file data-v9.txt (compact mmCIF, C-alpha atoms)
# COMPACT_ATOMS: atom_id res chain seq x y z
CA MET Q 181 46.41 -99.40 -121.17
CA LYS Q 182 46.20 -95.64 -120.69
CA ARG Q 183 43.96 -93.93 -118.24
CA PHE Q 184 42.51 -91.46 -120.77
CA THR Q 185 41.93 -92.58 -124.35
CA PHE Q 186 40.64 -90.18 -126.97
CA PHE Q 187 39.20 -91.04 -130.35
CA GLY Q 188 39.14 -88.25 -132.89
CA GLY Q 189 39.04 -87.62 -136.59
CA LYS Q 190 36.99 -86.27 -139.43
CA GLY Q 191 33.21 -86.37 -139.21
CA GLY Q 192 31.57 -89.64 -140.19
CA THR Q 193 34.68 -91.81 -140.08
CA GLY Q 194 33.41 -93.96 -137.21
CA LYS Q 195 34.80 -92.36 -134.07
CA THR Q 196 31.83 -93.30 -131.96
CA SER Q 197 31.86 -96.97 -132.97
CA CYS Q 198 35.59 -97.18 -132.25
CA ALA Q 199 35.30 -95.44 -128.87
CA ALA Q 200 32.37 -97.66 -127.90
CA SER Q 201 34.16 -100.86 -128.95
CA CYS Q 202 37.33 -99.83 -127.19
CA SER Q 203 35.48 -99.11 -123.96
CA LEU Q 204 33.74 -102.48 -124.22
CA SER Q 205 36.99 -104.38 -124.52
CA MET Q 206 38.47 -102.44 -121.58
CA ALA Q 207 35.45 -103.26 -119.44
CA ALA Q 208 35.68 -106.91 -120.49
CA ARG Q 209 39.25 -106.95 -119.16
CA GLY Q 210 37.91 -105.87 -115.77
CA VAL Q 211 38.81 -102.17 -115.95
CA ARG Q 212 36.07 -99.91 -114.62
CA THR Q 213 35.56 -97.73 -117.69
CA LEU Q 214 33.57 -94.61 -118.45
CA VAL Q 215 32.83 -93.77 -122.06
CA VAL Q 216 32.09 -90.07 -122.60
CA SER Q 217 30.89 -88.19 -125.64
CA THR Q 218 32.02 -84.56 -125.91
CA ASP Q 219 30.38 -84.05 -129.29
CA PRO Q 220 27.43 -81.63 -129.11
CA ALA Q 221 25.66 -83.95 -131.57
CA HIS Q 222 25.77 -87.11 -129.48
CA SER Q 223 25.61 -90.53 -131.07
CA LEU Q 224 26.84 -92.74 -128.25
CA SER Q 225 23.27 -93.74 -127.41
CA ASP Q 226 22.78 -94.89 -130.99
CA ALA Q 227 25.96 -96.95 -130.98
CA PHE Q 228 25.02 -98.75 -127.76
CA ASN Q 229 21.36 -98.80 -128.69
CA THR Q 230 20.53 -97.59 -125.17
CA PRO Q 231 19.50 -94.11 -124.07
CA ILE Q 232 22.42 -92.29 -122.42
CA GLY Q 233 22.14 -88.74 -121.17
CA ASN Q 234 23.79 -86.12 -119.00
CA ARG Q 235 24.02 -88.63 -116.13
CA MET Q 236 26.32 -91.64 -115.85
CA VAL Q 237 24.43 -94.75 -117.00
CA LEU Q 238 25.51 -98.33 -116.37
CA LEU Q 239 25.77 -100.04 -119.76
CA GLU Q 240 27.36 -103.30 -118.76
CA ARG Q 241 29.49 -104.76 -116.00
CA ASN Q 242 32.33 -102.25 -115.42
CA LEU Q 243 31.09 -99.91 -118.14
CA TRP Q 244 29.33 -96.57 -117.77
CA GLY Q 245 28.28 -94.09 -120.43
CA LEU Q 246 27.82 -90.32 -120.38
CA GLU Q 247 26.90 -87.68 -122.95
CA ILE Q 248 27.95 -84.19 -121.86
CA ASP Q 249 25.14 -81.69 -122.27
CA ALA Q 250 26.84 -78.31 -122.74
CA GLU Q 251 23.68 -76.30 -122.19
CA ALA Q 252 22.79 -78.05 -118.95
CA GLU Q 253 26.34 -77.64 -117.64
CA ALA Q 254 26.34 -73.92 -118.49
CA LYS Q 255 23.00 -73.51 -116.75
CA LYS Q 256 24.29 -75.22 -113.62
CA TYR Q 257 27.27 -72.88 -113.58
CA THR Q 258 25.33 -69.65 -114.05
CA ASP Q 259 22.73 -70.73 -111.50
CA SER Q 260 25.41 -71.29 -108.89
CA ILE Q 261 26.75 -67.78 -109.54
CA MET Q 262 23.30 -66.25 -109.31
CA GLU Q 263 22.84 -68.04 -106.00
CA LYS Q 264 26.01 -66.46 -104.61
CA MET Q 265 25.02 -63.04 -105.90
CA LEU Q 266 21.63 -62.93 -104.27
CA HIS Q 267 22.80 -62.65 -100.70
CA LEU Q 268 25.83 -60.54 -101.50
CA VAL Q 269 24.75 -57.37 -103.20
CA SER Q 270 21.89 -54.93 -103.56
CA ALA Q 271 18.91 -55.45 -105.82
CA THR Q 272 19.98 -52.91 -108.46
CA ILE Q 273 23.33 -54.57 -108.89
CA VAL Q 274 21.70 -57.98 -109.14
CA ASP Q 275 19.79 -56.74 -112.18
CA GLU Q 276 23.02 -55.57 -113.80
CA ILE Q 277 24.62 -58.89 -113.02
CA ARG Q 278 21.72 -60.85 -114.44
CA ARG Q 279 22.12 -58.93 -117.68
CA GLN Q 280 25.83 -59.63 -117.71
CA ILE Q 281 25.30 -63.35 -117.13
CA GLU Q 282 22.84 -63.49 -119.99
CA ILE Q 283 25.34 -61.86 -122.34
CA ALA Q 284 28.06 -64.31 -121.37
CA TYR Q 285 25.67 -67.23 -121.68
CA MET Q 286 24.95 -66.30 -125.28
CA SER Q 287 28.50 -65.46 -126.26
CA PRO Q 288 30.43 -67.82 -128.53
CA GLY Q 289 32.69 -70.21 -126.71
CA SER Q 290 30.56 -70.53 -123.62
CA GLU Q 291 29.36 -74.00 -124.56
CA GLU Q 292 32.90 -75.12 -125.24
CA ALA Q 293 33.93 -73.73 -121.89
CA ALA Q 294 31.10 -75.59 -120.21
CA VAL Q 295 32.10 -78.86 -121.88
CA PHE Q 296 35.68 -78.21 -120.92
CA ASP Q 297 34.77 -77.71 -117.26
CA LYS Q 298 32.90 -81.00 -117.18
CA PHE Q 299 35.78 -82.62 -118.97
CA ILE Q 300 38.25 -81.50 -116.28
CA GLU Q 301 35.86 -82.59 -113.55
CA LEU Q 302 35.62 -86.08 -115.07
CA MET Q 303 39.38 -86.42 -115.41
CA GLU Q 304 39.92 -85.22 -111.85
CA SER Q 305 37.56 -87.79 -110.41
CA ALA Q 306 39.07 -90.71 -112.35
CA GLY Q 307 40.15 -93.38 -109.89
CA LYS Q 308 37.07 -93.05 -107.70
CA ASP Q 309 34.08 -94.60 -109.46
CA TYR Q 310 35.95 -95.54 -112.62
CA ASP Q 311 39.58 -96.08 -113.51
CA ALA Q 312 39.71 -95.26 -117.19
CA ILE Q 313 37.87 -92.89 -119.50
CA VAL Q 314 37.36 -93.30 -123.23
CA PHE Q 315 36.43 -90.03 -124.95
CA ASP Q 316 34.35 -90.01 -128.08
CA THR Q 317 35.22 -86.55 -129.33
CA ALA Q 318 33.59 -84.18 -131.79
CA PRO Q 319 34.96 -83.82 -135.33
CA THR Q 320 38.52 -82.52 -135.51
CA GLY Q 321 38.09 -78.73 -135.41
CA HIS Q 322 35.90 -78.63 -132.32
CA THR Q 323 38.09 -81.09 -130.45
CA LEU Q 324 41.33 -79.31 -131.26
CA ARG Q 325 39.85 -76.12 -129.87
CA LEU Q 326 38.78 -77.95 -126.76
CA LEU Q 327 42.14 -79.58 -126.15
CA THR Q 328 44.25 -76.51 -126.85
CA LEU Q 329 42.08 -74.26 -124.67
CA PRO Q 330 44.15 -74.71 -121.47
CA GLY Q 331 47.37 -73.63 -123.18
CA ILE Q 332 45.87 -70.46 -124.62
CA LEU Q 333 43.70 -69.39 -121.70
CA GLY Q 334 46.46 -70.16 -119.22
CA VAL Q 335 48.58 -67.36 -120.65
CA TRP Q 336 45.63 -64.98 -120.67
CA ILE Q 337 44.67 -65.58 -117.08
CA GLU Q 338 48.28 -65.24 -115.97
CA HIS Q 339 48.24 -61.76 -117.47
CA LEU Q 340 45.07 -60.85 -115.56
CA ILE Q 341 46.57 -61.99 -112.26
CA GLU Q 342 49.68 -59.90 -112.89
CA LYS Q 343 47.61 -56.79 -113.54
CA ARG Q 344 45.56 -57.21 -110.40
CA GLN Q 345 48.69 -57.77 -108.34
CA LYS Q 346 50.28 -54.65 -109.74
CA ALA Q 347 47.24 -52.56 -108.86
CA ARG Q 348 47.26 -54.00 -105.36
CA LYS Q 349 50.92 -53.29 -104.85
CA LEU Q 350 50.36 -49.64 -105.70
CA MET Q 351 47.38 -49.51 -103.37
CA GLU Q 352 49.55 -50.89 -100.61
CA VAL Q 353 52.05 -48.12 -101.17
CA ALA Q 354 49.24 -45.58 -101.04
CA ALA Q 355 47.88 -47.18 -97.88
CA ARG Q 356 51.09 -46.85 -95.93
CA TYR Q 357 49.73 -43.85 -94.04
CA ASP Q 358 46.09 -44.91 -94.20
CA ARG Q 359 45.24 -47.63 -91.76
CA GLU Q 360 41.65 -48.02 -92.93
CA LEU Q 361 42.66 -48.72 -96.50
CA ALA Q 362 45.40 -51.11 -95.43
CA GLU Q 363 42.82 -53.14 -93.51
CA GLN Q 364 40.72 -53.53 -96.65
CA LEU Q 365 43.68 -54.77 -98.66
CA LYS Q 366 44.52 -57.74 -96.49
CA GLU Q 367 43.17 -60.40 -98.83
CA ASP Q 368 41.91 -60.44 -102.37
CA PRO Q 369 39.31 -63.08 -103.32
CA VAL Q 370 39.65 -62.05 -106.98
CA ILE Q 371 43.25 -63.18 -107.18
CA GLU Q 372 42.29 -66.38 -105.37
CA ALA Q 373 39.51 -67.12 -107.87
CA LEU Q 374 41.73 -66.38 -110.84
CA SER Q 375 44.51 -68.53 -109.42
CA ALA Q 376 42.12 -71.43 -108.85
CA ARG Q 377 41.04 -71.15 -112.48
CA ARG Q 378 44.63 -71.04 -113.64
CA ASP Q 379 45.48 -74.11 -111.59
CA LYS Q 380 42.60 -75.97 -113.22
CA PHE Q 381 43.87 -75.13 -116.69
CA GLU Q 382 47.36 -76.14 -115.64
CA LEU Q 383 46.09 -79.48 -114.35
CA ALA Q 384 44.25 -80.14 -117.61
CA ARG Q 385 47.33 -79.24 -119.61
CA LYS Q 386 49.45 -81.56 -117.51
CA ILE Q 387 47.07 -84.49 -117.91
CA LEU Q 388 46.61 -83.95 -121.63
CA THR Q 389 50.33 -83.74 -122.37
CA ASP Q 390 51.35 -86.67 -120.17
CA SER Q 391 52.08 -89.64 -122.43
CA GLU Q 392 51.91 -91.96 -119.40
CA THR Q 393 48.22 -91.33 -118.86
CA THR Q 394 46.83 -89.98 -122.11
CA VAL Q 395 46.69 -91.11 -125.71
CA PHE Q 396 44.86 -89.72 -128.72
CA HIS Q 397 43.89 -92.21 -131.44
CA PHE Q 398 42.66 -91.10 -134.84
CA VAL Q 399 39.94 -92.77 -136.80
CA LEU Q 400 40.14 -92.26 -140.54
CA ASN Q 401 38.93 -93.74 -143.79
CA PRO Q 402 41.22 -94.67 -146.67
CA GLU Q 403 40.38 -91.44 -148.53
CA LYS Q 404 42.35 -88.40 -149.52
CA LEU Q 405 40.50 -85.78 -147.44
CA SER Q 406 40.43 -87.93 -144.35
CA ILE Q 407 44.19 -88.45 -144.52
CA LEU Q 408 44.93 -84.77 -145.06
CA GLU Q 409 42.76 -83.64 -142.17
CA THR Q 410 44.27 -86.24 -139.85
CA ASP Q 411 47.75 -85.16 -140.87
CA ARG Q 412 47.01 -81.54 -139.96
CA ALA Q 413 45.42 -82.57 -136.67
CA VAL Q 414 48.45 -84.72 -135.76
CA GLY Q 415 50.68 -81.71 -136.39
CA MET Q 416 48.49 -79.52 -134.23
CA LEU Q 417 48.44 -81.98 -131.33
CA GLY Q 418 52.20 -82.30 -131.63
CA LYS Q 419 52.55 -78.54 -131.34
CA TYR Q 420 50.67 -78.58 -128.03
CA GLY Q 421 52.43 -81.71 -126.81
CA ILE Q 422 49.41 -84.03 -126.75
CA PRO Q 423 50.58 -87.63 -127.32
CA VAL Q 424 49.27 -89.24 -130.52
CA GLY Q 425 48.70 -93.01 -130.47
CA GLY Q 426 47.56 -95.18 -133.33
CA MET Q 427 45.49 -94.87 -136.48
CA VAL Q 428 42.31 -96.83 -136.92
CA VAL Q 429 41.54 -97.12 -140.62
CA ASN Q 430 37.84 -97.78 -140.84
CA LYS Q 431 35.68 -98.95 -143.74
CA VAL Q 432 38.37 -100.90 -145.60
CA ILE Q 433 36.62 -102.90 -148.35
CA PRO Q 434 37.30 -106.66 -148.04
CA LYS Q 435 38.42 -108.82 -150.97
CA GLY Q 436 35.88 -110.32 -153.37
CA ALA Q 437 33.10 -107.81 -152.79
CA GLY Q 438 31.97 -107.59 -156.39
CA PRO Q 439 33.45 -105.82 -159.43
CA PHE Q 440 32.49 -102.26 -158.48
CA LEU Q 441 33.78 -102.46 -154.91
CA ASP Q 442 36.91 -104.29 -156.09
CA LYS Q 443 37.79 -101.26 -158.19
CA LYS Q 444 37.17 -98.99 -155.22
CA ARG Q 445 39.40 -101.33 -153.21
CA LEU Q 446 42.31 -100.66 -155.54
CA SER Q 447 42.15 -96.94 -154.84
CA GLN Q 448 41.86 -97.63 -151.10
CA GLU Q 449 44.98 -99.81 -151.33
CA LYS Q 450 46.95 -96.77 -152.49
CA TYR Q 451 45.71 -94.65 -149.59
CA LEU Q 452 46.39 -97.43 -147.09
CA CYS Q 453 50.03 -97.40 -148.18
CA GLU Q 454 50.09 -93.64 -147.75
CA ILE Q 455 48.64 -93.92 -144.24
CA ARG Q 456 51.25 -96.48 -143.23
CA GLU Q 457 54.00 -94.20 -144.53
CA ARG Q 458 52.75 -90.94 -143.08
CA PHE Q 459 51.81 -92.20 -139.64
CA ALA Q 460 54.59 -94.71 -139.16
CA SER Q 461 55.21 -93.75 -135.53
CA GLY Q 462 52.20 -95.63 -134.10
CA PRO Q 463 50.22 -98.79 -134.77
CA VAL Q 464 47.80 -98.84 -137.73
CA VAL Q 465 44.64 -100.94 -137.36
CA GLU Q 466 42.38 -101.81 -140.28
CA LEU Q 467 38.66 -102.35 -139.78
CA PRO Q 468 36.63 -103.86 -142.59
CA MET Q 469 33.62 -102.19 -144.12
CA LEU Q 470 30.57 -104.05 -142.85
CA GLU Q 471 27.34 -104.95 -144.57
CA ASP Q 472 25.25 -103.27 -141.92
CA ASP Q 473 25.58 -100.27 -139.58
CA VAL Q 474 27.35 -100.90 -136.30
CA GLN Q 475 24.74 -100.85 -133.57
CA GLY Q 476 24.26 -102.67 -130.31
CA MET Q 477 26.54 -104.65 -128.04
CA GLU Q 478 26.98 -107.72 -130.27
CA GLN Q 479 28.40 -105.84 -133.22
CA LEU Q 480 30.51 -103.57 -131.04
CA ARG Q 481 32.02 -106.66 -129.45
CA ILE Q 482 33.02 -108.00 -132.89
CA ILE Q 483 34.82 -104.74 -133.66
CA SER Q 484 36.50 -104.55 -130.29
CA GLY Q 485 38.10 -107.91 -131.07
CA LEU Q 486 39.78 -106.35 -134.11
CA MET Q 487 41.13 -103.28 -132.30
CA GLY Q 488 43.65 -105.05 -130.06
CA ALA Q 489 46.61 -102.97 -131.22
CA VAL Q 490 45.26 -99.63 -130.05
CA CYS Q 491 43.27 -100.54 -126.98
CA MET H 205 58.41 -24.11 -68.99
CA GLU H 206 55.41 -26.35 -69.28
CA LYS H 207 53.63 -23.66 -71.26
CA ILE H 208 56.44 -23.28 -73.78
CA LYS H 209 56.57 -27.04 -74.23
CA ASN H 210 52.86 -27.19 -74.99
CA THR H 211 53.02 -24.34 -77.45
CA LEU H 212 55.95 -25.94 -79.24
CA LYS H 213 54.09 -29.26 -79.39
CA LYS H 214 51.05 -27.57 -80.87
CA TRP H 215 53.08 -25.78 -83.50
CA TRP H 216 54.95 -28.93 -84.38
CA ARG H 217 51.64 -30.77 -84.89
CA LEU H 218 50.38 -28.04 -87.17
CA PHE H 219 53.68 -28.05 -89.02
CA ALA H 220 53.48 -31.83 -89.56
CA LEU H 221 49.86 -31.66 -90.61
CA PHE H 222 50.63 -28.93 -93.13
CA HIS H 223 53.38 -31.00 -94.72
CA GLN H 224 51.28 -34.12 -94.78
CA GLY H 225 48.54 -32.24 -96.57
CA ALA H 226 50.86 -30.32 -98.86
CA PHE H 227 53.19 -33.09 -99.97
CA LEU H 228 52.41 -36.56 -98.69
CA ASP H 229 48.69 -36.78 -99.45
CA ARG H 230 49.25 -35.34 -102.85
CA ARG H 231 51.92 -37.85 -103.64
CA MET H 232 49.84 -40.73 -102.33
CA ALA H 233 46.91 -39.50 -104.41
CA VAL H 234 49.07 -39.94 -107.51
CA VAL H 235 49.93 -43.51 -106.52
CA ARG H 236 46.33 -44.23 -105.68
CA LYS H 237 45.12 -42.85 -109.00
CA GLU H 238 47.62 -45.04 -110.82
CA ALA H 239 46.39 -48.09 -108.90
CA PHE H 240 42.79 -47.27 -109.80
CA ASP H 241 43.77 -46.81 -113.44
CA ILE H 242 45.38 -50.24 -113.58
CA ASN H 243 42.40 -51.76 -111.86
CA ASP H 244 40.05 -50.05 -114.32
CA ASN H 245 42.06 -51.50 -117.19
CA LEU H 246 41.77 -54.89 -115.59
CA MET H 247 38.01 -54.47 -115.29
CA LEU H 248 37.93 -53.68 -118.98
CA LEU H 249 39.76 -56.94 -119.72
CA LEU H 250 37.47 -58.89 -117.43
CA PHE H 251 34.08 -57.42 -118.29
CA GLY H 252 34.70 -55.74 -121.62
CA ASP H 253 31.75 -57.54 -123.20
CA PHE H 254 29.61 -55.51 -120.84
CA ILE H 255 30.30 -52.48 -123.01
CA GLY H 256 30.65 -54.30 -126.31
CA ILE H 257 34.24 -55.55 -126.45
CA PRO H 258 34.30 -59.30 -127.07
CA ASN H 259 36.07 -61.37 -124.47
CA PRO H 260 37.47 -64.85 -125.20
CA MET H 261 36.57 -66.11 -121.78
CA SER H 262 33.57 -64.12 -120.65
CA TYR H 263 32.11 -67.41 -119.44
CA TYR H 264 34.90 -67.89 -116.92
CA MET H 265 34.77 -64.25 -115.87
CA LEU H 266 31.25 -64.77 -114.55
CA GLU H 267 32.55 -66.42 -111.42
CA LEU H 268 34.36 -63.18 -110.55
CA LEU H 269 31.14 -61.17 -110.62
CA PRO H 270 30.08 -61.94 -107.04
CA LEU H 271 33.57 -60.92 -105.89
CA MET H 272 33.75 -57.69 -107.86
CA ALA H 273 30.13 -56.60 -107.87
CA ASP H 274 30.85 -53.61 -105.64
CA GLU H 275 33.55 -52.36 -108.00
CA LEU H 276 31.45 -52.85 -111.09
CA VAL H 277 29.01 -49.96 -110.85
CA PRO H 278 31.55 -47.22 -109.99
CA TRP H 279 33.78 -48.55 -112.74
CA GLU H 280 31.02 -48.29 -115.29
CA ARG H 281 30.27 -44.74 -114.17
CA ARG H 282 33.92 -43.76 -114.34
CA ILE H 283 34.52 -45.03 -117.85
CA GLN H 284 31.33 -43.52 -119.14
CA ASN H 285 32.14 -40.11 -117.70
CA ARG H 286 35.63 -39.95 -119.11
CA LYS H 287 35.74 -37.00 -121.48
CA PHE H 288 39.32 -36.13 -122.14
CA ILE H 289 41.95 -38.59 -121.02
CA LEU H 290 44.87 -36.27 -121.78
CA ALA H 291 43.50 -33.60 -119.46
CA GLU H 292 42.93 -36.21 -116.79
CA LYS H 293 46.52 -37.37 -116.99
CA ALA H 294 47.77 -33.78 -117.03
CA ALA H 295 45.83 -33.01 -113.89
CA GLN H 296 47.37 -36.02 -112.25
CA TYR H 297 50.88 -34.61 -112.75
CA ASP H 298 49.98 -30.94 -112.14
CA PHE H 299 50.47 -29.90 -115.78
CA ASP H 300 47.12 -28.19 -115.94
CA THR H 301 47.85 -25.39 -113.49
call {"tool": "encode", "arguments": {"input": "data-v9.txt", "output": "structure tokens"}}
result
Amino acid sequence: MKRFTFFGGKGGTGKTSCAASCSLSMAARGVRTLVVSTDPAHSLSDAFNTPIGNRMVLLERNLWGLEIDAEAEAKKYTDSIMEKMLHLVSATIVDEIRRQIEIAYMSPGSEEAAVFDKFIELMESAGKDYDAIVFDTAPTGHTLRLLTLPGILGVWIEHLIEKRQKARKLMEVAARYDRELAEQLKEDPVIEALSARRDKFELARKILTDSETTVFHFVLNPEKLSILETDRAVGMLGKYGIPVGGMVVNKVIPKGAGPFLDKKRLSQEKYLCEIRERFASGPVVELPMLEDDVQGMEQLRIISGLMGAVC
Amino acid sequence: MEKIKNTLKKWWRLFALFHQGAFLDRRMAVVRKEAFDINDNLMLLLFGDFIGIPNPMSYYMLELLPLMADELVPWERRIQNRKFILAEKAAQYDFDT
């Protein structure tokens, strides 16, 4: 069992049901498990048939649920900055700053960043209240952005630190005959803050690329588009060194389901072969198409029994 | 004897002061200007969205605001008052005289 298990894939393939079932079977084995949804459009509550929100909720023995609320997280962050500002600077500057914070709050990417922060926080505190986390991620594009963020921003922030250090070095040269200036230059909180941020990204990158602790399972349907998208996503994760686990093929039509569905089954058969060929490196699990939607503990438990190979 | 010593000391101090003003301060001003320029560029990277340049991580830059608030207003004034960068650079290296 890995400490961090991700379920990803194209929209509507059944990621949430798989993540929920997987977390249930982990909890049943006595592992204190947290199941987290990073999708802005949460559906974890619907799968468990219990309201889950931005706070950890006990769902069963050893199992907690959480739906990350990007907006609330961003608000918390900006409020804490505003708090610091108020007893630091003059009133006119505070107005400027408030404007600046509003711009950043609206800018694209801020919600992702907020989710990402929460995401790091959860991974850091694993081992305290819970031992394993199962992530129900958003559809492929959003998740790939989220997971590759540390690699990209790490480089950027490194560049900023270098620039600041260069400026400081020059100032130190200029301050050689100016004691007052030299006194001001003793420490730089900006470099400290940037370094702390960089270290956080580095930690996230380390956790995400460590195959000992992390695994990313894909959920797909036996359909052309689903396979193609998964294939691209696998390539992308490989590029950033995130370990890919197994494939969960959901909604496979069982035998003897009537003439129309039997025909559909034949086409699925072809795609199932393709999936086994393309993604031969990990286990492939097949889940049958069910008569009814998957909802509530009982049905999730049935599915978790079928997912033994990946979780 | 004592008088000559004092006079010499006084002249030496004036001599040193003249050279500090004439050469050293000037040189240090160049270094200092360069440092400010680099820092201004950095500010542009950090808070560019303030003046309309999109920033991929403006959200993360917010936490630097309390630390750099004092630098922010003079920076904004400086970049808004820049008229002719070439002339500014020329002045820095004494090409304009």
call {"tool": "closest_atom_pairs", "arguments": {"input": "data-v9.txt", "of": "chain Q", "to": "chain H", "cutoff": "6 Å", "atoms": "all atoms listed in the file", "output": "Markdown table"}}
result
| residue | atom | partner | partner_atom | distance |
| --- | --- | --- | --- | --- |
| Q:Met265 | CA | H:Pro270 | CA | 5.3 |
| Q:Ala284 | CA | H:Tyr263 | CA | 5.5 |
| Q:Ser290 | CA | H:Tyr263 | CA | 5.4 |
| Q:Ala347 | CA | H:Ala239 | CA | 4.6 |
| Q:Leu350 | CA | H:Ala239 | CA | 5.3 |
| Q:Met351 | CA | H:Ala239 | CA | 5.8 |
| Q:Ala354 | CA | H:Met232 | CA | 5.1 |
call {"tool": "atom_distance", "arguments": {"input": "data-v9.txt", "atom1": "atom CA of Leu480 of chain Q", "atom2": "atom CA of Gly194 of chain Q"}}
result
11.8 Å
call {"tool": "residues_around", "arguments": {"input": "data-v9.txt", "residues": "segment 329-346 of chain Q", "least_positions_apart": "5", "cutoff": "7 Å", "atoms": "all atoms listed in the file", "output": "NGL selection string"}}
result
(:Q and (371 or 374 or 378 or 381-382 or 384-385)) or (:H and (242-243 or 246))
call {"tool": "atom_distance", "arguments": {"input": "data-v9.txt", "atom1": "atom CA of Thr393 of chain Q", "atom2": "atom CA of Phe184 of chain Q"}}
result
6.0 Å
call {"tool": "residues_around", "arguments": {"input": "data-v9.txt", "residues": "Leu214 of chain Q", "least_positions_apart": "2", "cutoff": "8 Å", "atoms": "all atoms listed in the file", "output": "count of residues only"}}
result
12
call {"tool": "closest_residue", "arguments": {"input": "data-v9.txt", "among": "H:Trp215, H:Phe227, H:Trp279, H:Phe222", "to": "Gly252 of chain H", "atoms": "only C-alpha atoms"}}
result
H:Trp279
call {"tool": "residues_around", "arguments": {"input": "data-v9.txt", "residues": "Pro402 of chain Q", "least_positions_apart": "3", "cutoff": "8 Å", "atoms": "only C-alpha atoms", "output": "ChimeraX atom specification"}}
result
/Q:406-407,429-432,448-449,451-452,455
call {"tool": "write_last_selection", "arguments": {"input": "data-v9.txt", "atoms": "C-alpha atoms", "output": "short mmCIF file (atom, residue, chain, number, x, y, z; two decimals), in the frame of the given file"}}
result
data_model
loop_
_atom_site.label_atom_id
_atom_site.label_comp_id
_atom_site.auth_asym_id
_atom_site.auth_seq_id
_atom_site.Cartn_x
_atom_site.Cartn_y
_atom_site.Cartn_z
CA SER Q 406 40.43 -87.93 -144.35
CA ILE Q 407 44.19 -88.45 -144.52
CA VAL Q 429 41.54 -97.12 -140.62
CA ASN Q 430 37.84 -97.78 -140.84
CA LYS Q 431 35.68 -98.95 -143.74
CA VAL Q 432 38.37 -100.90 -145.60
CA GLN Q 448 41.86 -97.63 -151.10
CA GLU Q 449 44.98 -99.81 -151.33
CA TYR Q 451 45.71 -94.65 -149.59
CA LEU Q 452 46.39 -97.43 -147.09
CA ILE Q 455 48.64 -93.92 -144.24
#
call {"tool": "atom_distance", "arguments": {"input": "data-v9.txt", "atom1": "atom CA of Pro468 of chain Q", "atom2": "atom CA of Asn401 of chain Q"}}
result
10.4 Å
call {"tool": "residues_around", "arguments": {"input": "data-v9.txt", "residues": "segment 419-428 of chain Q", "least_positions_apart": "3", "cutoff": "8 Å", "atoms": "all atoms listed in the file", "output": "PyMOL selection string"}}
result
chain Q and resi 328+331+388-391+394-400+414-416+459+462-467+490
call {"tool": "residues_around", "arguments": {"input": "data-v9.txt", "residues": "Ala227 of chain Q", "least_positions_apart": "6", "cutoff": "12 Å", "atoms": "all atoms listed in the file", "output": "ChimeraX atom specification"}}
result
/Q:194-201,204,215,217,239,245,316,473-481
call {"tool": "closest_residue", "arguments": {"input": "data-v9.txt", "among": "Q:Ala362, Q:Ile300, Q:Asp309, Q:Glu471", "to": "Lys386 of chain Q", "atoms": "all atoms listed in the file"}}
result
Q:Ile300
